[in-house]
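Structure file start.cif; described as mmCIF, C-alpha atoms (C1' of nucleotides).
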```cif
data_query
loop_
_atom_site.label_atom_id
_atom_site.label_comp_id
_atom_site.auth_asym_id
_atom_site.auth_seq_id
_atom_site.Cartn_x
_atom_site.Cartn_y
_atom_site.Cartn_z
CA MET A 1 91.11 181.36 198.47
CA ASN A 2 87.42 182.25 198.51
CA SER A 3 84.62 180.25 196.99
CA VAL A 4 84.54 182.37 193.81
CA ASP A 5 87.97 181.10 192.85
CA ASN A 6 86.64 177.55 192.79
CA ASN A 7 83.90 178.34 190.28
CA PHE A 8 84.16 177.08 186.72
CA LYS A 9 82.49 179.22 184.09
CA LEU A 10 81.33 177.98 180.69
CA ALA A 11 80.11 180.40 178.04
CA THR A 12 78.87 180.48 174.46
CA TRP A 13 78.68 183.37 171.97
CA ASN A 14 77.76 183.56 168.32
CA VAL A 15 80.05 186.41 167.24
CA ASN A 16 78.86 186.77 163.61
CA SER A 17 82.38 187.10 162.14
CA LEU A 18 85.39 186.71 164.41
CA LYS A 19 87.32 189.06 162.13
CA VAL A 20 84.92 191.90 162.89
CA ARG A 21 84.28 190.93 166.53
CA LEU A 22 87.79 189.97 167.75
CA PRO A 23 88.29 193.25 169.66
CA GLN A 24 84.95 192.69 171.39
CA VAL A 25 85.79 189.08 172.23
CA LEU A 26 89.07 190.18 173.82
CA LYS A 27 87.35 192.99 175.69
CA TRP A 28 84.61 190.67 176.89
CA LEU A 29 87.11 188.05 178.10
CA GLU A 30 88.99 190.72 180.00
CA GLU A 31 85.78 191.68 181.78
CA ASN A 32 84.49 188.08 181.98
CA PRO A 33 87.48 185.75 182.43
CA VAL A 34 85.47 182.57 181.92
CA ASP A 35 87.20 179.19 181.89
CA VAL A 36 85.70 178.12 178.55
CA LEU A 37 84.17 180.17 175.73
CA CYS A 38 82.53 178.48 172.75
CA LEU A 39 82.30 180.63 169.61
CA GLN A 40 80.11 180.25 166.53
CA GLU A 41 79.98 181.87 163.09
CA LEU A 42 83.68 182.59 162.82
CA LYS A 43 83.24 183.10 159.05
CA MET A 44 86.95 182.59 158.43
CA VAL A 45 89.31 179.83 157.33
CA ASP A 46 91.64 178.32 159.92
CA GLU A 47 94.64 180.15 158.45
CA LYS A 48 93.01 183.44 159.42
CA PHE A 49 92.19 182.44 163.02
CA PRO A 50 93.68 185.04 165.41
CA LEU A 51 95.52 182.48 167.55
CA ALA A 52 98.27 184.84 168.75
CA GLU A 53 95.79 187.39 170.09
CA ILE A 54 93.71 184.68 171.81
CA GLU A 55 96.80 183.12 173.40
CA ALA A 56 98.04 186.52 174.53
CA ALA A 57 94.72 186.84 176.38
CA GLY A 58 95.53 183.65 178.29
CA TYR A 59 93.49 181.13 176.32
CA HIS A 60 94.18 177.97 174.38
CA ALA A 61 92.08 177.63 171.23
CA VAL A 62 90.87 174.88 168.95
CA PHE A 63 88.85 175.78 165.89
CA SER A 64 87.20 174.50 162.75
CA GLY A 65 86.63 177.28 160.27
CA GLN A 66 85.43 177.79 156.74
CA LYS A 67 85.21 180.64 154.30
CA THR A 68 82.26 183.07 154.57
CA TYR A 69 79.94 180.87 156.60
CA ASN A 70 79.81 178.86 159.82
CA GLY A 71 82.99 178.04 161.74
CA VAL A 72 83.27 177.16 165.44
CA ALA A 73 85.94 177.39 168.15
CA ILE A 74 86.56 176.57 171.78
CA LEU A 75 88.68 178.93 173.87
CA SER A 76 89.89 177.54 177.20
CA ARG A 77 92.12 178.62 180.07
CA HIS A 78 92.83 174.90 180.65
CA ALA A 79 94.45 172.27 178.45
CA MET A 80 92.23 170.61 175.86
CA SER A 81 92.45 167.04 174.58
CA ASP A 82 90.61 164.63 172.26
CA VAL A 83 89.55 167.37 169.87
CA GLN A 84 86.76 166.27 167.53
CA LYS A 85 85.71 168.29 164.50
CA ASN A 86 82.27 167.55 163.04
CA ASN A 87 79.86 164.83 164.07
CA PRO A 88 81.44 161.47 163.17
CA LEU A 89 77.94 160.17 162.36
CA PHE A 90 77.10 162.96 159.89
CA ALA A 91 79.00 163.84 156.73
CA ASP A 92 78.80 167.63 156.49
CA ASP A 93 80.35 170.25 154.21
CA HIS A 94 79.71 172.85 156.93
CA GLN A 95 82.02 173.36 159.91
CA ARG A 96 79.46 173.46 162.72
CA VAL A 97 80.81 171.22 165.49
CA ILE A 98 83.94 171.11 167.61
CA ALA A 99 84.40 169.16 170.84
CA ALA A 100 87.20 168.84 173.37
CA THR A 101 87.81 167.38 176.80
CA ILE A 102 88.64 170.01 179.44
CA GLU A 103 89.23 169.21 183.11
CA GLY A 104 87.34 165.94 182.74
CA MET A 105 84.37 167.58 181.00
CA ARG A 106 83.36 166.89 177.42
CA ILE A 107 82.66 170.31 175.90
CA VAL A 108 80.65 170.22 172.66
CA CYS A 109 80.35 173.50 170.73
CA VAL A 110 77.67 173.60 168.03
CA TYR A 111 76.30 175.96 165.43
CA ILE A 112 73.03 174.24 164.59
CA PRO A 113 71.67 175.06 161.10
CA ASN A 114 69.25 177.96 160.71
CA GLY A 115 66.67 176.17 158.57
CA GLN A 116 65.61 179.28 156.65
CA SER A 117 61.94 178.29 156.20
CA LEU A 118 59.87 175.23 156.99
CA ASP A 119 59.49 174.19 153.33
CA SER A 120 63.14 174.59 152.33
CA ASP A 121 65.85 172.01 151.75
CA LYS A 122 67.79 173.82 154.48
CA PHE A 123 65.06 172.88 156.96
CA SER A 124 65.23 169.16 156.16
CA TYR A 125 69.02 169.47 156.49
CA LYS A 126 68.51 171.08 159.92
CA MET A 127 66.28 168.21 161.05
CA ARG A 128 68.66 165.50 159.79
CA TRP A 129 71.52 167.37 161.44
CA LEU A 130 69.69 167.48 164.78
CA GLN A 131 68.85 163.76 164.62
CA ALA A 132 72.50 162.93 163.98
CA LEU A 133 73.60 165.22 166.82
CA HIS A 134 71.23 163.41 169.16
CA ASP A 135 72.50 160.00 168.05
CA TRP A 136 76.13 161.02 168.50
CA LEU A 137 75.65 162.64 171.91
CA LYS A 138 73.78 159.59 173.15
CA VAL A 139 76.97 157.61 172.57
CA GLU A 140 79.29 160.40 173.70
CA ALA A 141 77.49 160.80 177.04
CA GLN A 142 78.04 157.15 177.85
CA THR A 143 81.81 157.66 177.94
CA HIS A 144 81.61 161.28 179.19
CA PRO A 145 79.06 161.60 181.98
CA GLN A 146 80.16 165.21 182.43
CA LEU A 147 79.07 166.63 179.08
CA ALA A 148 78.09 170.19 178.17
CA LEU A 149 76.45 171.14 174.87
CA LEU A 150 76.89 174.84 174.19
CA GLY A 151 76.07 176.92 171.17
CA ASP A 152 73.66 178.60 168.83
CA TYR A 153 70.82 176.06 168.52
CA ASN A 154 68.62 178.20 166.28
CA ILE A 155 65.68 176.85 168.32
CA ALA A 156 63.51 178.79 170.77
CA PRO A 157 62.39 175.90 172.99
CA GLU A 158 59.12 177.42 174.23
CA ASP A 159 56.83 180.35 173.49
CA ARG A 160 58.25 182.20 176.50
CA ASP A 161 61.56 182.23 174.60
CA VAL A 162 59.96 184.31 171.82
CA HIS A 163 59.22 188.05 172.03
CA ASP A 164 56.01 187.74 170.00
CA PRO A 165 54.96 184.11 169.56
CA ALA A 166 52.04 185.02 167.28
CA ALA A 167 54.40 186.76 164.86
CA TRP A 168 56.58 183.63 164.64
CA VAL A 169 53.86 181.07 163.90
CA GLY A 170 54.85 179.11 160.80
CA MET A 171 58.47 180.23 161.00
CA THR A 172 61.61 178.29 161.60
CA HIS A 173 63.16 178.28 165.13
CA VAL A 174 59.79 177.76 166.84
CA SER A 175 58.20 174.84 164.94
CA GLU A 176 57.13 171.64 166.65
CA PRO A 177 59.70 169.43 164.86
CA GLU A 178 62.50 171.72 166.05
CA ARG A 179 61.13 171.92 169.58
CA ASN A 180 60.75 168.14 169.62
CA ALA A 181 64.39 167.80 168.59
CA PHE A 182 65.35 170.10 171.48
CA ARG A 183 63.32 167.96 173.89
CA ASP A 184 65.04 164.86 172.49
CA LEU A 185 68.36 166.39 173.52
CA LEU A 186 66.99 167.09 177.00
CA ALA A 187 65.87 163.45 177.12
CA LEU A 188 69.55 162.47 177.06
CA ASN A 189 69.42 163.34 180.76
CA MET A 190 70.43 166.95 180.10
CA LYS A 191 69.15 170.17 181.65
CA ASP A 192 68.70 173.58 180.02
CA ALA A 193 70.97 175.48 182.45
CA PHE A 194 69.05 178.75 181.98
CA ARG A 195 65.75 177.17 183.03
CA MET A 196 67.19 175.58 186.16
CA PHE A 197 66.82 178.97 187.83
CA ASP A 198 64.22 181.67 188.32
CA GLN A 199 64.54 184.13 185.46
CA ALA A 200 62.85 187.39 184.59
CA GLU A 201 60.39 187.30 181.68
CA LYS A 202 61.37 188.23 178.14
CA LEU A 203 65.05 187.39 178.37
CA PHE A 204 66.57 186.62 174.96
CA SER A 205 69.97 185.85 173.45
CA TRP A 206 69.42 187.18 169.90
CA TRP A 207 67.81 190.34 168.56
CA ASP A 208 67.19 191.28 164.94
CA TYR A 209 69.52 193.96 163.58
CA ARG A 210 66.53 195.42 161.74
CA GLN A 211 63.71 197.55 163.12
CA MET A 212 65.74 198.42 166.21
CA GLY A 213 65.15 194.89 167.44
CA PHE A 214 67.36 195.22 170.49
CA ARG A 215 65.77 198.46 171.68
CA ARG A 216 62.33 196.89 171.29
CA ASN A 217 63.58 193.67 172.91
CA ALA A 218 62.32 191.87 169.80
CA GLY A 219 64.36 188.76 170.40
CA LEU A 220 64.57 185.01 170.74
CA ARG A 221 66.34 182.77 173.25
CA ILE A 222 68.17 180.45 170.87
CA ASP A 223 71.66 180.19 172.42
CA HIS A 224 71.74 177.49 175.05
CA ILE A 225 73.86 175.55 177.52
CA LEU A 226 72.68 171.99 178.12
CA LEU A 227 74.32 170.09 180.98
CA THR A 228 74.21 166.40 181.78
CA GLN A 229 72.98 165.65 185.29
CA ALA A 230 76.49 165.39 186.75
CA LEU A 231 77.22 168.98 185.65
CA ALA A 232 73.72 170.29 186.28
CA ASP A 233 74.14 169.24 189.91
CA ARG A 234 77.11 171.64 190.12
CA CYS A 235 75.47 174.55 188.28
CA THR A 236 74.71 177.55 190.49
CA GLU A 237 73.78 180.19 187.90
CA CYS A 238 73.05 180.77 184.22
CA VAL A 239 72.79 184.26 182.77
CA ILE A 240 72.61 186.04 179.43
CA ASP A 241 75.01 188.99 179.20
CA LYS A 242 73.30 191.75 177.23
CA VAL A 243 76.18 194.19 177.72
CA PRO A 244 78.12 193.52 174.49
CA ARG A 245 74.89 193.77 172.46
CA LYS A 246 74.93 197.48 173.45
CA TRP A 247 78.47 198.06 172.16
CA GLU A 248 79.22 199.71 168.81
CA GLN A 249 78.93 197.28 165.85
CA PRO A 250 77.68 194.37 167.98
CA SER A 251 77.02 190.75 167.13
CA ASP A 252 73.28 190.12 166.94
CA HIS A 253 73.76 187.45 169.66
CA ALA A 254 74.63 187.86 173.34
CA PRO A 255 76.89 185.55 175.36
CA VAL A 256 75.33 182.99 177.72
CA ILE A 257 77.30 181.99 180.82
CA ALA A 258 76.84 179.03 183.18
CA THR A 259 78.65 178.88 186.52
CA LEU A 260 79.60 175.53 188.05
CA ARG A 261 80.77 175.10 191.62
"C1'" DA B 1 55.54 195.87 152.10
"C1'" DT B 2 58.53 189.97 148.88
"C1'" DG B 3 61.03 195.91 153.51
"C1'" DG B 4 63.88 197.55 157.21
"C1'" DC B 5 70.22 195.26 159.09
"C1'" DC B 6 74.81 193.05 158.95
"C1'" DT B 7 78.70 190.21 156.81
"C1'" DC B 8 80.98 188.25 153.03
"C1'" DG B 9 82.70 187.84 148.37
"C1'" DG B 10 83.44 190.37 144.94
"C1'" DT B 11 82.31 194.22 142.72
"C1'" DT B 12 78.28 198.46 143.66
"C1'" DC B 13 74.36 193.31 144.30
"C1'" DG B 14 73.03 188.59 145.92
"C1'" DA B 15 73.18 185.04 149.49
"C1'" DG B 16 72.49 183.88 154.09
"C1'" DG B 17 71.34 184.79 158.52
"C1'" DA B 18 67.08 184.56 162.14
#
```
Encoding of this model in structure tokens:
Amino acid sequence: MNSVDNNFKLATWNVNSLKVRLPQVLKWLEENPVDVLCLQELKMVDEKFPLAEIEAAGYHAVFSGQKTYNGVAILSRHAMSDVQKNNPLFADDHQRVIAATIEGMRIVCVYIPNGQSLDSDKFSYKMRWLQALHDWLKVEAQTHPQLALLGDYNIAPEDRDVHDPAAWVGMTHVSEPERNAFRDLLALNMKDAFRMFDQAEKLFSWWDYRQMGFRRNAGLRIDHILLTQALADRCTECVIDKVPRKWEQPSDHAPVIATLR
DNA sequence: ATGGCCTCGGTTCGAGGA
């Protein structure tokens, strides 16, 4: 038994349709046998969830899907308990939250709303949604000191998380209210796992399908893993895996992986 | 350039994403 075997890996990936991306998810898990993988944008109802294929790959799965839009899942090599769908403090037609307890950790998988544009109803929905998430996690962290919040946040926390900050002024994902909401989550004694470590510049987790965004590295870092202090203390690495973004018919997002010792 | 791409639902285009 070497030290690698004792690591616990948590990952998140917005797959932009699990129906289209299932072969890539299975391939990625074969190459990256993480302990937990949070998925967003399933875009399918629960009846269509490919449970047999996921289980054949060695994973349990819990999921909360809907037709066409949204939908989230947690895949885990370990047993899951206390599954929670949606934020109990926020009535929501969208399926954007699923949580489960795994090996004593509270794993919260989120697909935070996009917001569309700063003057839209969808933006005010995003901000109300973020406030409710904060209020819920504040309570949840009291009973689960080992809490991880993984997902597509649709927020680039700082200008260094944006390929061309000037081009994004006035857009959603980078506005002060959104960045304040991100800092409010950090203020729940959580750490952005990626920023706990030295990283190269211009590392992103999403690239526009248009204009050859990936080739130009025209991206944003909007997929995050936040860890409460108890888990942050165990975190030894956090990386973005650009490999599947280079595959044929990729998701526009890349997986993010945190390693705990 | 109110663009460009991708997915879905449902038909050959609009909505939504980011």
Using all atoms listed in the file, I'd like every residue of chain B that has an atom within 12 Å of chain A; please write them out as a PyMOL selection string. chain B and resi 3-9+15-18
Enter the distance from CA of Thr236 in chain A to CA of Ala258 in chain A, in Å, rounded to one decimal. 7.8 Å
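Between CA of Cys235 in chain A and CA of His78 in chain A lies a distance of 19.0 Å.
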Would you translate the PyMOL selection byres ((chain A and resi 178) around 12) into the concrete set of residues it matches in this file, as a ChimeraX atom specification? /A:112-115,117-118,123-131,153-158,170-177,179-185,222
Residues within 10 Å of (81.2, 172.3, 170.4), file coordinates, counting all atoms listed in the file: what are they? Give the list as a PyMOL selection string. chain A and resi 12+37-40+63-64+72-74+83-87+96-100+106-111+148-152
Selected residue of minimal separation from Val243 in chain A among A:Pro255, A:Phe8, A:Glu55, A:His134, counting only C-alpha atoms: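 Nearest to Val243 in chain A: A:Pro255.
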Quick one: apply the PyMOL selection byres ((chain A and resi 230) around 12) to the file and drop the selected residues here as a PyMOL selection string. chain A and resi 104-106+141+144-148+189-191+226-229+231-235+260-261
Can you tell me how far CA of Val169 in chain A sits from CA of Gln199 in chain A, in Å to one decimal?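 Straight-line distance from CA of Val169 in chain A to CA of Gln199 in chain A works out to 24.3 Å.
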Which residues, written as a ChimeraX atom specification, have at least one atom at most 6 Å from Cys238 in chain A, with all atoms listed in the file counted and residues fewer than 3 positions away on the same chain left out? /A:193-194,257-258
